[in-house]
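Listing of input36.csv, CSV, C-alpha atoms (C1' of nucleotides)
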chain,number,residue,atom,x,y,z
A,889,MET,CA,27.4,-97.4,-10.6
A,890,ALA,CA,30.1,-99.8,-11.8
A,891,ALA,CA,31.1,-100.8,-15.3
A,892,GLN,CA,29.6,-103.8,-17.2
A,893,ARG,CA,33.0,-105.5,-17.0
A,894,GLN,CA,32.7,-105.5,-13.2
A,895,TYR,CA,29.2,-106.8,-13.2
A,896,GLU,CA,30.2,-109.6,-15.4
A,897,GLU,CA,32.9,-110.6,-13.0
A,898,LEU,CA,30.6,-110.4,-10.1
A,899,ALA,CA,28.0,-112.5,-11.8
A,900,ARG,CA,30.6,-115.2,-12.5
A,901,GLN,CA,31.7,-115.2,-8.9
A,902,LEU,CA,28.2,-115.4,-7.6
A,903,SER,CA,27.5,-118.3,-10.0
A,904,ALA,CA,30.5,-120.1,-8.7
A,905,ILE,CA,29.9,-119.6,-5.0
A,906,GLY,CA,27.5,-122.5,-4.9
A,907,ALA,CA,30.5,-124.8,-4.7
A,908,VAL,CA,31.5,-123.2,-1.4
A,909,LYS,CA,28.1,-123.6,0.0
A,910,ARG,CA,28.0,-127.2,-1.0
A,911,GLY,CA,31.4,-127.7,0.6
A,912,LEU,CA,30.2,-126.3,3.9
A,913,GLY,CA,27.0,-128.4,3.6
A,914,ARG,CA,29.1,-131.6,3.3
A,915,VAL,CA,30.2,-131.3,6.9
A,916,LEU,CA,26.6,-131.4,8.2
A,917,PRO,CA,25.3,-134.7,9.5
A,918,PRO,CA,22.9,-136.5,7.1
A,919,GLU,CA,19.9,-136.1,9.4
A,920,CYS,CA,20.3,-132.4,9.3
A,921,PRO,CA,20.5,-130.9,5.8
A,922,ALA,CA,21.2,-127.3,5.1
A,923,GLY,CA,17.6,-126.2,5.3
A,924,SER,CA,17.2,-127.6,8.8
A,925,ALA,CA,20.5,-126.2,9.9
A,926,ALA,CA,19.3,-122.7,8.7
A,927,VAL,CA,16.1,-123.0,10.8
A,928,LEU,CA,18.0,-124.0,13.9
A,929,THR,CA,20.6,-121.3,13.4
A,930,LEU,CA,18.0,-118.5,13.0
A,931,LEU,CA,16.0,-119.6,15.9
A,932,ASN,CA,19.1,-119.7,18.0
A,933,ARG,CA,20.2,-116.3,16.9
A,934,HIS,CA,16.8,-114.4,17.0
A,935,GLY,CA,14.9,-116.4,19.5
A,936,GLU,CA,11.3,-117.6,19.1
A,937,MET,CA,9.3,-116.3,16.1
A,938,ARG,CA,6.4,-117.1,13.9
A,939,MET,CA,6.5,-119.0,10.5
A,940,SER,CA,6.1,-115.8,8.5
A,941,ARG,CA,9.1,-114.1,10.2
A,942,LEU,CA,11.2,-117.2,9.7
A,943,ALA,CA,10.3,-117.3,6.1
A,944,GLU,CA,11.5,-113.7,5.7
A,945,LEU,CA,14.8,-114.5,7.4
A,946,LEU,CA,15.3,-117.5,5.3
A,947,ALA,CA,14.3,-115.5,2.2
A,948,VAL,CA,12.3,-118.3,0.8
A,949,ASP,CA,8.6,-118.9,0.3
A,950,MET,CA,6.4,-119.8,3.3
A,951,SER,CA,5.7,-123.2,1.8
A,952,VAL,CA,9.4,-124.0,1.8
A,953,THR,CA,9.7,-122.8,5.3
A,954,SER,CA,6.8,-125.0,6.3
A,955,ARG,CA,8.6,-128.1,5.0
A,956,HIS,CA,11.9,-127.2,6.7
A,957,VAL,CA,10.2,-126.5,10.0
A,958,ALA,CA,8.2,-129.8,9.8
A,959,HIS,CA,11.5,-131.6,9.3
A,960,VAL,CA,13.1,-130.2,12.4
A,961,ALA,CA,9.9,-130.5,14.4
A,962,GLU,CA,9.6,-134.2,13.6
A,963,ARG,CA,13.0,-134.7,15.1
A,964,GLY,CA,12.1,-132.9,18.3
A,965,TRP,CA,14.4,-129.9,17.8
A,966,ILE,CA,11.7,-127.2,17.9
A,967,HIS,CA,8.3,-126.8,19.4
A,968,ARG,CA,5.4,-125.3,17.4
A,969,ASP,CA,3.0,-123.8,20.0
A,970,PRO,CA,-0.2,-122.0,19.0
A,971,ASP,CA,0.0,-118.2,19.2
A,972,PRO,CA,-2.5,-117.1,21.8
A,973,ALA,CA,-2.8,-113.8,20.1
A,974,ASP,CA,-3.6,-115.3,16.7
A,975,LYS,CA,-4.8,-118.8,16.4
A,976,ARG,CA,-3.7,-119.0,12.8
A,977,SER,CA,0.0,-118.6,13.8
A,978,ARG,CA,2.4,-120.8,15.5
A,979,ILE,CA,5.3,-119.8,17.7
A,980,LEU,CA,8.5,-121.6,16.9
A,981,ARG,CA,11.2,-122.1,19.5
A,982,LEU,CA,14.2,-124.4,20.0
A,983,THR,CA,13.9,-127.3,22.4
A,984,PRO,CA,16.9,-128.3,24.6
A,985,ALA,CA,17.6,-131.0,22.1
A,986,GLY,CA,17.4,-128.4,19.3
A,987,GLU,CA,19.9,-126.2,21.1
A,988,ALA,CA,22.2,-129.1,21.5
A,989,LYS,CA,21.9,-130.0,17.8
A,990,PHE,CA,22.6,-126.4,16.9
A,991,GLU,CA,25.8,-126.4,19.0
A,992,GLU,CA,26.9,-129.6,17.3
A,993,LEU,CA,26.2,-128.1,13.8
A,994,SER,CA,27.9,-124.8,14.8
A,995,ASP,CA,31.0,-126.7,15.9
A,996,LEU,CA,31.2,-128.6,12.7
A,997,SER,CA,30.8,-125.4,10.6
A,998,MET,CA,33.3,-123.5,12.6
A,999,GLN,CA,35.9,-126.2,12.3
A,1000,ALA,CA,35.4,-126.3,8.5
A,1001,LEU,CA,35.7,-122.5,8.2
A,1002,ALA,CA,38.7,-122.4,10.4
A,1003,HIS,CA,40.2,-125.1,8.3
A,1004,TYR,CA,39.6,-123.6,4.9
A,1005,LEU,CA,40.1,-119.9,5.8
A,1006,HIS,CA,43.1,-120.4,8.1
A,1007,ASP,CA,45.1,-117.9,6.1
A,1008,TRP,CA,42.4,-115.2,6.0
A,1009,SER,CA,42.8,-112.2,8.2
A,1010,ASP,CA,40.1,-110.9,10.6
A,1011,ASP,CA,39.6,-107.9,8.3
A,1012,GLU,CA,39.1,-110.0,5.2
A,1013,VAL,CA,36.4,-112.2,6.9
A,1014,ASP,CA,34.7,-109.1,8.2
A,1015,GLN,CA,34.8,-107.4,4.8
A,1016,LEU,CA,33.3,-110.4,3.1
A,1017,SER,CA,30.5,-110.7,5.6
A,1018,THR,CA,29.7,-107.0,5.4
A,1019,LEU,CA,29.7,-107.0,1.6
A,1020,LEU,CA,27.5,-110.1,1.5
A,1021,ALA,CA,25.1,-108.6,3.9
A,1022,ARG,CA,24.9,-105.5,1.8
A,1023,LEU,CA,24.5,-107.5,-1.3
A,1024,ARG,CA,21.5,-109.3,0.1
A,1025,ASP,CA,20.1,-106.0,1.3
A,1026,SER,CA,20.4,-104.4,-2.1
A,1027,PHE,CA,18.5,-107.2,-3.7
A,1028,GLY,CA,15.9,-107.3,-0.9
A,1029,ASP,CA,15.1,-103.6,-1.6
A,1030,CYS,CA,13.6,-104.3,-5.0
A,1031,ARG,CA,12.1,-107.7,-4.4
A,1032,ALA,CA,8.8,-107.6,-2.6
A,1033,ALA,CA,6.6,-105.2,-4.6
A,1034,SER,CA,7.2,-105.3,-8.4
A,1035,ALA,CA,10.3,-107.2,-9.3
A,1036,ARG,CA,10.2,-105.6,-12.7
A,1037,ILE,CA,13.5,-104.2,-13.8
A,1038,PRO,CA,13.1,-101.2,-16.0
A,1039,GLN,CA,15.1,-101.3,-19.2
A,1040,SER,CA,18.6,-100.1,-18.3
A,1041,SER,CA,17.6,-97.7,-15.6
A,1042,GLN,CA,18.1,-97.4,-11.9
A,1043,CYS,CA,15.8,-97.8,-8.9
A,1044,SER,CA,13.3,-95.0,-9.0
A,1045,GLN,CA,12.6,-95.1,-5.3
A,1046,PRO,CA,14.5,-92.8,-3.0
A,1047,SER,CA,17.9,-94.5,-2.5
A,1048,GLN,CA,18.5,-95.7,1.0
A,1049,SER,CA,21.6,-93.7,1.8
A,1050,PRO,CA,24.9,-95.6,1.7
A,1051,LEU,CA,25.0,-98.2,4.5
A,1052,SER,CA,27.7,-98.3,7.2
A,1053,PRO,CA,28.9,-101.7,8.1
A,1054,HIS,CA,26.7,-101.5,11.2
A,1055,ASP,CA,23.5,-100.5,9.4
A,1056,VAL,CA,23.6,-103.6,7.3
A,1057,GLN,CA,22.8,-105.9,10.1
A,1058,THR,CA,19.6,-104.1,10.9
A,1059,SER,CA,17.9,-105.2,7.7
A,1060,GLU,CA,17.1,-108.6,9.2
A,1061,THR,CA,15.3,-107.2,12.1
A,1062,THR,CA,13.6,-104.2,10.7
A,1063,ARG,CA,11.8,-105.8,7.8
A,1064,THR,CA,9.1,-107.4,9.9
A,1065,PRO,CA,8.0,-104.8,12.5
A,1066,ALA,CA,5.0,-106.8,13.5
B,988,MET,CA,42.8,-116.8,11.7
B,989,ALA,CA,39.6,-115.1,12.7
B,990,ALA,CA,37.4,-115.5,15.7
B,991,GLN,CA,34.5,-117.8,15.9
B,992,ARG,CA,32.1,-114.9,16.1
B,993,GLN,CA,33.3,-113.8,12.7
B,994,TYR,CA,33.0,-117.3,11.2
B,995,GLU,CA,29.4,-117.5,12.5
B,996,GLU,CA,28.5,-114.3,10.8
B,997,LEU,CA,30.1,-115.4,7.6
B,998,ALA,CA,28.3,-118.7,7.7
B,999,ARG,CA,25.0,-116.9,8.1
B,1000,GLN,CA,25.7,-114.6,5.2
B,1001,LEU,CA,26.7,-117.4,3.0
B,1002,SER,CA,23.6,-119.3,3.9
B,1003,ALA,CA,21.5,-116.3,3.0
B,1004,ILE,CA,23.2,-115.5,-0.3
B,1005,GLY,CA,21.0,-118.0,-2.1
B,1006,ALA,CA,18.3,-115.5,-2.2
B,1007,VAL,CA,20.5,-113.2,-4.3
B,1008,LYS,CA,21.3,-116.0,-6.7
B,1009,ARG,CA,17.7,-116.8,-7.1
B,1010,GLY,CA,16.9,-113.2,-7.7
B,1011,LEU,CA,19.4,-113.1,-10.5
B,1012,GLY,CA,18.1,-116.3,-11.9
B,1013,ARG,CA,14.6,-115.0,-12.2
B,1014,VAL,CA,15.6,-112.6,-14.9
B,1015,LEU,CA,16.7,-115.5,-17.2
B,1016,PRO,CA,14.3,-116.8,-19.9
B,1017,PRO,CA,12.6,-120.1,-19.1
B,1018,GLU,CA,14.3,-122.0,-21.8
B,1019,CYS,CA,17.7,-121.1,-20.3
B,1020,PRO,CA,17.9,-122.0,-16.6
B,1021,ALA,CA,20.9,-121.0,-14.5
B,1022,GLY,CA,22.9,-124.2,-15.3
B,1023,SER,CA,22.6,-123.6,-19.0
B,1024,ALA,CA,23.5,-119.9,-18.6
B,1025,ALA,CA,26.7,-121.0,-16.7
B,1026,VAL,CA,27.7,-123.2,-19.6
B,1027,LEU,CA,27.3,-120.5,-22.2
B,1028,THR,CA,29.1,-118.0,-20.0
B,1029,LEU,CA,32.1,-120.1,-19.4
B,1030,LEU,CA,32.4,-121.1,-23.0
B,1031,ASN,CA,32.1,-117.5,-24.1
B,1032,ARG,CA,34.8,-116.5,-21.6
B,1033,HIS,CA,37.3,-119.3,-21.9
B,1034,GLY,CA,36.6,-120.5,-25.4
B,1035,GLU,CA,36.3,-124.1,-26.5
B,1036,MET,CA,37.1,-126.8,-24.0
B,1037,ARG,CA,36.4,-130.4,-23.1
B,1038,MET,CA,33.7,-131.7,-20.7
B,1039,SER,CA,36.2,-132.4,-17.9
B,1040,ARG,CA,37.5,-128.8,-18.0
B,1041,LEU,CA,34.0,-127.4,-18.0
B,1042,ALA,CA,33.1,-129.6,-15.1
B,1043,GLU,CA,36.0,-128.1,-13.2
B,1044,LEU,CA,35.1,-124.5,-14.0
B,1045,LEU,CA,31.5,-125.2,-13.0
B,1046,ALA,CA,32.7,-126.9,-9.8
B,1047,VAL,CA,30.2,-129.7,-10.2
B,1048,ASP,CA,30.4,-133.4,-11.0
B,1049,MET,CA,30.9,-134.5,-14.6
B,1050,SER,CA,27.5,-136.1,-14.6
B,1051,VAL,CA,25.9,-132.8,-13.8
B,1052,THR,CA,28.0,-131.1,-16.5
B,1053,SER,CA,26.9,-133.7,-19.0
B,1054,ARG,CA,23.2,-132.9,-18.4
B,1055,HIS,CA,23.7,-129.1,-18.6
B,1056,VAL,CA,25.7,-129.5,-21.8
B,1057,ALA,CA,23.1,-131.8,-23.3
B,1058,HIS,CA,20.4,-129.2,-22.6
B,1059,VAL,CA,22.3,-126.4,-24.4
B,1060,ALA,CA,23.3,-128.7,-27.2
B,1061,GLU,CA,19.7,-129.8,-27.9
B,1062,ARG,CA,18.9,-126.1,-28.4
B,1063,GLY,CA,21.7,-125.7,-30.9
B,1064,TRP,CA,23.7,-123.3,-28.7
B,1065,ILE,CA,26.9,-125.4,-28.7
B,1066,HIS,CA,28.6,-128.0,-30.8
B,1067,ARG,CA,30.1,-131.2,-29.4
B,1068,ASP,CA,32.8,-132.3,-31.8
B,1069,PRO,CA,34.9,-135.4,-31.2
B,1070,ASP,CA,38.4,-134.6,-30.1
B,1071,PRO,CA,40.8,-135.9,-32.8
B,1072,ALA,CA,43.5,-136.4,-30.2
B,1073,ASP,CA,41.3,-138.5,-27.9
B,1074,LYS,CA,38.2,-140.1,-29.2
B,1075,ARG,CA,36.7,-140.4,-25.7
B,1076,SER,CA,36.6,-136.6,-25.4
B,1077,ARG,CA,34.4,-134.0,-26.9
B,1078,ILE,CA,35.3,-130.5,-27.7
B,1079,LEU,CA,32.6,-128.0,-26.7
B,1080,ARG,CA,32.2,-124.6,-28.4
B,1081,LEU,CA,29.5,-122.0,-28.9
B,1082,THR,CA,27.6,-121.8,-32.1
B,1083,PRO,CA,26.6,-118.4,-33.5
B,1084,ALA,CA,23.2,-119.0,-32.0
B,1085,GLY,CA,24.9,-119.8,-28.7
B,1086,GLU,CA,26.8,-116.6,-28.8
B,1087,ALA,CA,23.6,-114.6,-29.5
B,1088,LYS,CA,21.9,-116.4,-26.6
B,1089,PHE,CA,24.8,-115.5,-24.4
B,1090,GLU,CA,24.6,-111.9,-25.3
B,1091,GLU,CA,20.9,-111.9,-24.5
B,1092,LEU,CA,21.5,-113.5,-21.1
B,1093,SER,CA,24.4,-111.2,-20.4
B,1094,ASP,CA,22.2,-108.1,-21.2
B,1095,LEU,CA,19.5,-109.3,-18.8
B,1096,SER,CA,21.9,-110.0,-16.0
B,1097,MET,CA,23.7,-106.7,-16.5
B,1098,GLN,CA,20.5,-104.8,-16.4
B,1099,ALA,CA,19.5,-106.6,-13.2
B,1100,LEU,CA,22.8,-106.0,-11.5
B,1101,ALA,CA,22.9,-102.3,-12.6
B,1102,HIS,CA,19.4,-102.0,-11.2
B,1103,TYR,CA,20.0,-103.7,-7.8
B,1104,LEU,CA,23.5,-102.4,-7.3
B,1105,HIS,CA,23.0,-98.9,-8.6
B,1106,ASP,CA,24.3,-97.3,-5.4
B,1107,TRP,CA,27.4,-99.5,-5.1
B,1108,SER,CA,30.8,-98.0,-5.9
B,1109,ASP,CA,33.2,-99.5,-8.4
B,1110,ASP,CA,35.5,-100.4,-5.5
B,1111,GLU,CA,32.8,-102.2,-3.6
B,1112,VAL,CA,31.9,-104.3,-6.5
B,1113,ASP,CA,35.5,-105.1,-7.1
B,1114,GLN,CA,36.1,-105.9,-3.5
B,1115,LEU,CA,33.2,-108.3,-3.4
B,1116,SER,CA,34.3,-110.1,-6.6
B,1117,THR,CA,37.8,-110.4,-5.3
B,1118,LEU,CA,36.8,-111.8,-2.0
B,1119,LEU,CA,34.4,-114.3,-3.5
B,1120,ALA,CA,37.1,-115.5,-5.9
B,1121,ARG,CA,39.4,-115.9,-3.0
B,1122,LEU,CA,36.8,-117.7,-1.0
B,1123,ARG,CA,36.2,-120.2,-3.7
B,1124,ASP,CA,40.0,-120.6,-4.0
B,1125,SER,CA,40.4,-121.3,-0.3
B,1126,PHE,CA,37.7,-124.0,-0.5
B,1127,GLY,CA,39.1,-125.5,-3.7
B,1128,ASP,CA,42.5,-125.9,-2.1
B,1129,CYS,CA,41.3,-128.6,0.3
B,1130,ARG,CA,38.6,-130.3,-1.8
B,1131,ALA,CA,40.1,-132.7,-4.3
B,1132,ALA,CA,42.3,-135.0,-2.4
B,1133,SER,CA,41.0,-135.8,1.1
B,1134,ALA,CA,38.2,-133.5,2.2
B,1135,ARG,CA,38.7,-134.6,5.7
B,1136,ILE,CA,38.9,-131.8,8.1
B,1137,PRO,CA,41.2,-132.5,11.0
B,1138,GLN,CA,39.7,-131.7,14.4
B,1139,SER,CA,40.2,-128.1,15.1
B,1140,SER,CA,43.4,-127.7,13.3
B,1141,GLN,CA,44.7,-126.0,10.2
B,1142,CYS,CA,45.8,-127.0,6.7
B,1143,SER,CA,49.0,-128.9,7.1
B,1144,GLN,CA,50.1,-128.2,3.5
B,1145,PRO,CA,52.3,-125.3,2.8
B,1146,SER,CA,50.1,-122.2,2.7
B,1147,GLN,CA,49.7,-120.6,-0.7
B,1148,SER,CA,51.0,-117.2,0.1
B,1149,PRO,CA,48.5,-114.4,0.4
B,1150,LEU,CA,46.8,-113.7,-2.9
B,1151,SER,CA,46.8,-110.4,-4.7
B,1152,PRO,CA,43.6,-109.5,-6.4
B,1153,HIS,CA,45.2,-110.5,-9.6
B,1154,ASP,CA,46.4,-113.9,-8.6
B,1155,VAL,CA,43.0,-115.0,-7.6
B,1156,GLN,CA,41.8,-115.2,-11.1
B,1157,THR,CA,44.5,-117.6,-12.1
B,1158,SER,CA,43.1,-120.4,-10.0
B,1159,GLU,CA,40.6,-121.2,-12.7
B,1160,THR,CA,43.1,-121.7,-15.4
B,1161,THR,CA,46.0,-123.4,-13.5
B,1162,ARG,CA,44.1,-126.2,-11.9
B,1163,THR,CA,43.9,-128.3,-15.1
B,1164,PRO,CA,47.3,-128.0,-16.9
B,1165,ALA,CA,46.4,-130.9,-19.3
C,367,DT,C1',-12.3,-110.7,2.4
C,368,DA,C1',-7.6,-111.1,3.8
C,369,DT,C1',-4.1,-113.6,6.1
C,370,DT,C1',-1.4,-117.7,8.3
C,371,DG,C1',0.1,-121.8,7.4
C,372,DT,C1',-0.1,-126.6,5.1
C,373,DT,C1',0.0,-129.8,1.3
C,374,DA,C1',0.3,-131.3,-3.6
C,375,DT,C1',2.8,-130.9,-7.6
C,376,DA,C1',6.5,-129.8,-10.6
C,377,DC,C1',11.0,-128.3,-11.7
C,378,DT,C1',16.1,-127.4,-11.1
C,379,DC,C1',20.3,-128.7,-9.3
C,380,DT,C1',23.3,-132.1,-7.4
C,381,DA,C1',25.8,-136.6,-6.3
C,382,DT,C1',26.5,-141.7,-6.6
C,383,DA,C1',26.8,-145.6,-9.2
C,384,DA,C1',26.6,-148.4,-13.3
C,385,DC,C1',27.7,-148.4,-17.9
C,386,DT,C1',30.1,-147.6,-22.8
C,387,DA,C1',33.9,-146.5,-25.4
C,388,DT,C1',38.5,-145.4,-25.7
C,389,DA,C1',43.5,-144.9,-24.0
D,549,DT,C1',43.6,-151.0,-15.9
D,550,DA,C1',42.4,-146.3,-16.1
D,551,DT,C1',40.0,-142.4,-18.0
D,552,DA,C1',36.1,-139.5,-20.6
D,553,DG,C1',31.7,-139.1,-20.8
D,554,DT,C1',26.6,-140.7,-20.5
D,555,DT,C1',22.6,-142.2,-18.2
D,556,DA,C1',19.6,-143.9,-14.3
D,557,DT,C1',18.3,-143.0,-9.8
D,558,DA,C1',17.7,-140.6,-5.7
D,559,DG,C1',17.6,-136.6,-2.7
D,560,DA,C1',17.6,-131.6,-1.4
D,561,DG,C1',15.7,-127.1,-2.4
D,562,DT,C1',12.5,-124.1,-4.4
D,563,DA,C1',8.0,-122.0,-6.3
D,564,DT,C1',3.1,-122.0,-7.6
D,565,DA,C1',-1.4,-123.1,-6.6
D,566,DA,C1',-5.1,-125.1,-4.0
D,567,DC,C1',-6.7,-125.6,0.5
D,568,DA,C1',-8.1,-125.0,5.7
D,569,DA,C1',-8.6,-122.2,9.6
D,570,DT,C1',-8.8,-117.9,11.5
D,571,DA,C1',-8.9,-112.7,11.6

Please, can you express the file's structure as structure tokens?
Amino acid sequence: MAAQRQYEELARQLSAIGAVKRGLGRVLPPECPAGSAAVLTLLNRHGEMRMSRLAELLAVDMSVTSRHVAHVAERGWIHRDPDPADKRSRILRLTPAGEAKFEELSDLSMQALAHYLHDWSDDEVDQLSTLLARLRDSFGDCRAASARIPQSSQCSQPSQSPLSPHDVQTSETTRTPA
Amino acid sequence: MAAQRQYEELARQLSAIGAVKRGLGRVLPPECPAGSAAVLTLLNRHGEMRMSRLAELLAVDMSVTSRHVAHVAERGWIHRDPDPADKRSRILRLTPAGEAKFEELSDLSMQALAHYLHDWSDDEVDQLSTLLARLRDSFGDCRAASARIPQSSQCSQPSQSPLSPHDVQTSETTRTPA
DNA sequence: TATTGTTATACTCTATAACTATA
DNA sequence: TATAGTTATAGAGTATAACAATA
């Protein structure tokens, strides 16, 4: 449990981080905004999945996911095949064109990061990634059920014991068992 | 200079951090969206300033700043007095009502952070704040002049020697000497 | 009845460009 | 001519609610 002074500083930094995200977004081609890039990236990384799973990975509402997915589907970058096991669902997967587009986006992003972070050490990049993953995880813990925050108290649920850098990564894949 | 694999991971984490920001934004009262809260926070922290300075601290265009400022001014949370030294400029400063509103927002944000990050150590919070500050600084370096990113190369300008945690904070205050 | 996904609507944030007033 | 700030317009991202189809 940190001091208020530290939380204030963290809140300021989080508020300011939007500028970095916009900077990275500016290297993307106009036909592929950040939302579309996120869809392609997650499908490339995790393989085919349903809408609901993608919505969880994106951490946005399903309606938002639906719009992003429609955008990339219209451009032929993904297929939306009906799920034989559940006709309400659709299975999303990259097309060859989508894989090519992902590679193009990835190259652009990697060049930008290599440019801006040229004087960062490997450890620093890793540390930041790990802390961001854990940050998202800490917020995800208390989001789904009741987002109510009790007056100046702590989470009442049993604390998920301190995460090792390796554990953090699992949050993405364990939150949707089905 | 880190490996592509690390940049990919960082890019994913940055893309996902929006969920955290939205989570924090949800604790704010409806009459004070995140943009307004940022204005109040920066004026509270840095004291009175001009629009152009605030736009830099917010890291958004002046037109965006103008809208956020108009919103908080309409609610009586700041004053916009003409600058006697330059009649084009306006000096922004918190009103007593604005200070009270800031305290209210601060309390809400602090409660939320204390809630979600209850199992974070002091060091971890500090590390994340420091790395985020440095991240913003690294992107700010190459933003103003020519945002062109040379094909797979590095910044050609003399590298600002590795920052200590303390140096990072100065970037906000040194970028606008006038 | 509950769940998956889509669509309609509204709101926030942002950038570009045109404009006013002043330096 | 250049700069500080405002406003109009457009676009991306998001959430809520109503809806259709299926479980």

*asked:* Can you work out which residues from chain D touch chain A at a cut-off of 12 Å (counting only C-alpha atoms (C1' of nucleotides)) and hand them back as number ranges by chain?
replied: D: 559-565, 568-571

*Give me, as a PyMOL selection string, the contact residues of chain A against chain C at a cut-off of 12 Å, counting only C-alpha atoms (C1' of nucleotides).*
chain A and resi 906-907+910+914+938-941+943+949-955+957-958+968+970-971+974-979

*Would you kindly report the residues of chain B within 6 Å of chain A, using only C-alpha atoms, as a PyMOL selection string?*
chain B and resi 988-989+997+1006-1007+1046+1098+1102-1103+1105+1107-1109+1116+1125-1126+1139+1141

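Candidate residues B:Glu1035, B:Leu1092, B:Thr1082, B:Glu1043 were compared for distance to Ser1023 of chain B, and the nearest is B:Leu1092, using all atoms listed in the file.
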
_Distance in Å - atom CA of Gly986 of chain A versus atom CA of Ile966 of chain A_ = 6.0 Å

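We find atom CA of Pro1083 of chain B and atom CA of His1066 of chain B to be spaced 10.2 Å apart.
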
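From atom CA of Asn1031 of chain B back to atom CA of Ala1072 of chain B, the distance works out to 22.9 Å.
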
Any chance you could build segment 980-994 of chain A out to N, CA and C atoms and write it as a PDB file, keeping the file's coordinate frame?
ATOM      1  N   LEU A 980       7.445-120.633  17.002  1.00  0.00           N
ATOM      2  CA  LEU A 980       8.500-121.600  16.900  1.00  0.00           C
ATOM      3  C   LEU A 980       9.597-121.297  17.928  1.00  0.00           C
ATOM      4  N   ARG A 981      10.084-122.327  18.613  1.00  0.00           N
ATOM      5  CA  ARG A 981      11.200-122.100  19.500  1.00  0.00           C
ATOM      6  C   ARG A 981      12.013-123.399  19.664  1.00  0.00           C
ATOM      7  N   LEU A 982      13.295-123.253  19.886  1.00  0.00           N
ATOM      8  CA  LEU A 982      14.200-124.400  20.000  1.00  0.00           C
ATOM      9  C   LEU A 982      13.842-125.181  21.302  1.00  0.00           C
ATOM     10  N   THR A 983      13.907-126.490  21.231  1.00  0.00           N
ATOM     11  CA  THR A 983      13.900-127.300  22.400  1.00  0.00           C
ATOM     12  C   THR A 983      15.311-127.476  22.929  1.00  0.00           C
ATOM     13  N   PRO A 984      15.495-127.983  24.144  1.00  0.00           N
ATOM     14  CA  PRO A 984      16.900-128.300  24.600  1.00  0.00           C
ATOM     15  C   PRO A 984      17.614-129.166  23.606  1.00  0.00           C
ATOM     16  N   ALA A 985      16.923-130.166  23.064  1.00  0.00           N
ATOM     17  CA  ALA A 985      17.600-131.000  22.100  1.00  0.00           C
ATOM     18  C   ALA A 985      17.956-130.205  20.837  1.00  0.00           C
ATOM     19  N   GLY A 986      17.115-129.236  20.479  1.00  0.00           N
ATOM     20  CA  GLY A 986      17.400-128.400  19.300  1.00  0.00           C
ATOM     21  C   GLY A 986      18.630-127.514  19.587  1.00  0.00           C
ATOM     22  N   GLU A 987      18.716-127.020  20.817  1.00  0.00           N
ATOM     23  CA  GLU A 987      19.900-126.200  21.100  1.00  0.00           C
ATOM     24  C   GLU A 987      21.160-127.035  21.086  1.00  0.00           C
ATOM     25  N   ALA A 988      21.072-128.257  21.578  1.00  0.00           N
ATOM     26  CA  ALA A 988      22.200-129.100  21.500  1.00  0.00           C
ATOM     27  C   ALA A 988      22.623-129.431  20.089  1.00  0.00           C
ATOM     28  N   LYS A 989      21.604-129.687  19.257  1.00  0.00           N
ATOM     29  CA  LYS A 989      21.900-130.000  17.800  1.00  0.00           C
ATOM     30  C   LYS A 989      22.510-128.760  17.172  1.00  0.00           C
ATOM     31  N   PHE A 990      21.996-127.581  17.513  1.00  0.00           N
ATOM     32  CA  PHE A 990      22.600-126.400  16.900  1.00  0.00           C
ATOM     33  C   PHE A 990      24.062-126.252  17.310  1.00  0.00           C
ATOM     34  N   GLU A 991      24.375-126.500  18.572  1.00  0.00           N
ATOM     35  CA  GLU A 991      25.800-126.400  19.000  1.00  0.00           C
ATOM     36  C   GLU A 991      26.644-127.383  18.218  1.00  0.00           C
ATOM     37  N   GLU A 992      26.100-128.560  18.002  1.00  0.00           N
ATOM     38  CA  GLU A 992      26.900-129.600  17.300  1.00  0.00           C
ATOM     39  C   GLU A 992      27.120-129.092  15.828  1.00  0.00           C
ATOM     40  N   LEU A 993      26.085-128.561  15.187  1.00  0.00           N
ATOM     41  CA  LEU A 993      26.200-128.100  13.800  1.00  0.00           C
ATOM     42  C   LEU A 993      27.210-126.901  13.782  1.00  0.00           C
ATOM     43  N   SER A 994      27.071-126.028  14.750  1.00  0.00           N
ATOM     44  CA  SER A 994      27.900-124.800  14.800  1.00  0.00           C
ATOM     45  C   SER A 994      29.389-125.257  14.907  1.00  0.00           C
TER      46      SER A 994
END
